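Peer 1: Below: one structure in structure tokens.
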Amino acid sequence: MDTLGIKRFYLSQGLIISPSHFETFGNVPMEAVCLGIPVLVSETMGCSEILNKVGLSNMVISFKDIPLVTERIKELCGQSILPKQINALRKLLDPELVNEQIKSILQNAIR
């Protein structure tokens with residue numbers, strides 16, 4: 001699927017749910033939120049840290065609590081994400097910033 005097709009897919013969704021217990025980061029939820037689509041992710045996913053940082057902690061949950069998951073799905077489906085939250089997320093995920101952070105970590109490790 002090309003970039004436009006992926007964008008169309010996300011924009012046709014009311015909510016993206018990612019209940020993974022083993023996903024190290026989770027690009028799909030981040031791509032969706034960057035397009036303004038709400039997500040519901042497992043608290044064990046790496047992207048949960050980013051969502052918490054930008055004030056979207058209501059999109060992070062333990063999927064063991066089924067009644068809460070059901071309630072949260074109803075709350076989030078079709079919910080708007082504030083532009084300031086999307087912009088904050090995009091800044092945190094900026095490839096140049098991420099590369100600089102990784103470079104700094106690696107440089108400190110070899111000192």
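Residues are named by chain letter and number: chains run A, B, ... in the order of the structure tokens, numbers start at 1 in each chain, and ligands are numbered from 1 in the order shown.
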Residues within 7 Å of stretch 78-92 of chain A, please, as a list in words. Count only C-alpha atoms; anything in the same chain fewer than 6 positions from it doesn't count.
Peer 2: Gly14, Leu15, Val33, Cys34, Gly36, Pro38, Val54 and Gly55 of chain A
Peer 1: Quick one: everything within 12 Å of A:Asp65, counting only C-alpha atoms, minus sequence neighbours fewer than 4 positions away in the same chain. Send it as JSON, numbers by chain.
Peer 2: {"A": [19, 42, 43, 61, 69, 70, 71, 72]}
Peer 1: Just asking: which residues within chain A are helix (DSSP H, G or I) according to DSSP, as a VMD selection string?
Peer 2: chain A and resid 3 to 11 27 to 34 47 to 53 57 to 59 66 to 76 83 to 92 95 to 109
Peer 1: Output the selection as a PDB file, in the first residue's frame - C-alpha atoms for each residue.
Peer 2:
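Written out: result_4.pdb:
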```pdb
ATOM      1  CA  THR A   3       1.535   6.402   1.483  1.00  0.00           C
ATOM      2  CA  LEU A   4      -1.749   7.863   0.268  1.00  0.00           C
ATOM      3  CA  GLY A   5      -3.484   4.502   0.709  1.00  0.00           C
ATOM      4  CA  ILE A   6      -2.174   4.209   4.266  1.00  0.00           C
ATOM      5  CA  LYS A   7      -3.340   7.730   5.066  1.00  0.00           C
ATOM      6  CA  ARG A   8      -6.798   6.979   3.643  1.00  0.00           C
ATOM      7  CA  PHE A   9      -6.983   3.815   5.713  1.00  0.00           C
ATOM      8  CA  TYR A  10      -6.203   5.613   8.967  1.00  0.00           C
ATOM      9  CA  LEU A  11      -8.583   8.460   8.188  1.00  0.00           C
ATOM     10  CA  ASN A  27       4.483   2.585  14.722  1.00  0.00           C
ATOM     11  CA  VAL A  28       0.850   2.024  13.753  1.00  0.00           C
ATOM     12  CA  PRO A  29      -0.598   3.846  16.786  1.00  0.00           C
ATOM     13  CA  MET A  30       1.850   6.716  16.361  1.00  0.00           C
ATOM     14  CA  GLU A  31       1.030   7.093  12.657  1.00  0.00           C
ATOM     15  CA  ALA A  32      -2.683   7.112  13.479  1.00  0.00           C
ATOM     16  CA  VAL A  33      -2.389   9.763  16.203  1.00  0.00           C
ATOM     17  CA  CYS A  34      -0.237  11.948  13.940  1.00  0.00           C
ATOM     18  CA  CYS A  47       4.622   4.085  22.375  1.00  0.00           C
ATOM     19  CA  SER A  48       2.591   4.317  25.600  1.00  0.00           C
ATOM     20  CA  GLU A  49       5.406   6.434  27.056  1.00  0.00           C
ATOM     21  CA  ILE A  50       5.084   8.926  24.192  1.00  0.00           C
ATOM     22  CA  LEU A  51       1.295   9.074  24.503  1.00  0.00           C
ATOM     23  CA  ASN A  52       1.625   9.794  28.223  1.00  0.00           C
ATOM     24  CA  LYS A  53       4.170  12.562  27.545  1.00  0.00           C
ATOM     25  CA  SER A  57      -2.730   8.871  28.813  1.00  0.00           C
ATOM     26  CA  ASN A  58      -6.414   8.008  28.357  1.00  0.00           C
ATOM     27  CA  MET A  59      -5.282   6.082  25.260  1.00  0.00           C
ATOM     28  CA  ILE A  66     -12.205  -5.914  30.063  1.00  0.00           C
ATOM     29  CA  PRO A  67     -14.971  -3.641  31.452  1.00  0.00           C
ATOM     30  CA  LEU A  68     -12.572  -0.674  31.441  1.00  0.00           C
ATOM     31  CA  VAL A  69     -11.389  -1.517  27.919  1.00  0.00           C
ATOM     32  CA  THR A  70     -15.006  -1.607  26.732  1.00  0.00           C
ATOM     33  CA  GLU A  71     -15.724   1.746  28.370  1.00  0.00           C
ATOM     34  CA  ARG A  72     -12.565   3.325  26.956  1.00  0.00           C
ATOM     35  CA  ILE A  73     -13.361   2.112  23.423  1.00  0.00           C
ATOM     36  CA  LYS A  74     -16.752   3.820  23.641  1.00  0.00           C
ATOM     37  CA  GLU A  75     -15.131   7.033  24.943  1.00  0.00           C
ATOM     38  CA  LEU A  76     -12.364   7.191  22.360  1.00  0.00           C
ATOM     39  CA  PRO A  83      -3.706  19.950  17.420  1.00  0.00           C
ATOM     40  CA  LYS A  84      -1.255  20.857  20.217  1.00  0.00           C
ATOM     41  CA  GLN A  85      -1.088  17.167  21.197  1.00  0.00           C
ATOM     42  CA  ILE A  86      -0.506  16.098  17.599  1.00  0.00           C
ATOM     43  CA  ASN A  87       2.234  18.723  17.204  1.00  0.00           C
ATOM     44  CA  ALA A  88       3.879  17.659  20.480  1.00  0.00           C
ATOM     45  CA  LEU A  89       3.820  14.045  19.304  1.00  0.00           C
ATOM     46  CA  ARG A  90       5.320  14.934  15.932  1.00  0.00           C
ATOM     47  CA  LYS A  91       8.125  16.839  17.669  1.00  0.00           C
ATOM     48  CA  LEU A  92       8.934  13.872  19.915  1.00  0.00           C
ATOM     49  CA  PRO A  95      13.600  11.589  12.983  1.00  0.00           C
ATOM     50  CA  GLU A  96      16.425  14.104  13.392  1.00  0.00           C
ATOM     51  CA  LEU A  97      15.723  14.474  17.113  1.00  0.00           C
ATOM     52  CA  VAL A  98      15.468  10.712  17.602  1.00  0.00           C
ATOM     53  CA  ASN A  99      18.722  10.168  15.672  1.00  0.00           C
ATOM     54  CA  GLU A 100      20.500  12.767  17.829  1.00  0.00           C
ATOM     55  CA  GLN A 101      19.233  11.098  20.999  1.00  0.00           C
ATOM     56  CA  ILE A 102      20.432   7.687  19.830  1.00  0.00           C
ATOM     57  CA  LYS A 103      23.779   9.147  18.776  1.00  0.00           C
ATOM     58  CA  SER A 104      24.205  10.776  22.191  1.00  0.00           C
ATOM     59  CA  ILE A 105      23.397   7.528  24.006  1.00  0.00           C
ATOM     60  CA  LEU A 106      25.882   5.583  21.896  1.00  0.00           C
ATOM     61  CA  GLN A 107      28.609   8.205  22.318  1.00  0.00           C
ATOM     62  CA  ASN A 108      28.138   8.149  26.093  1.00  0.00           C
ATOM     63  CA  ALA A 109      28.284   4.355  26.067  1.00  0.00           C
TER      64      ALA A 109
END
```
Peer 1: For the structure I just gave you, how does DSSP split chain A - specifically, which residues are strand (DSSP E)? Reply as a list in words.
Peer 2: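 Put together, the selection reads Ile16, Ile17, Ser18, Val39, Leu40, Val41, Ser42, Val60 and Ile61 of chain A.
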Peer 1: Record the distance separating atom CA of A:Ile16 and atom CA of A:Leu40, expressed in Å with one decimal.
Peer 2: 6.4 Å
Peer 1: Given only C-alpha atoms as the basis, pick out the residue of A:Arg111, A:Ser62, A:Ile17, A:Leu93 nearest to A:Ile37.
Peer 2: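 Once distances to A:Ile37 are computed over only C-alpha atoms, the minimum belongs to A:Ile17.
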Peer 1: Using only C-alpha atoms, pick whichever of A:Ile110, A:Val39, A:Gln13, A:Thr44 has the shortest atom-to-atom distance to A:Phe25.
Peer 2: A:Thr44
Peer 1: Between A:Leu35, A:Gly26, A:Asp94, A:Val41, which residue has the minimum interatomic distance to A:Ser12, considering only C-alpha atoms?
Peer 2: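 Of A:Leu35, A:Gly26, A:Asp94, A:Val41, the one nearest A:Ser12, counting only C-alpha atoms, is A:Leu35.
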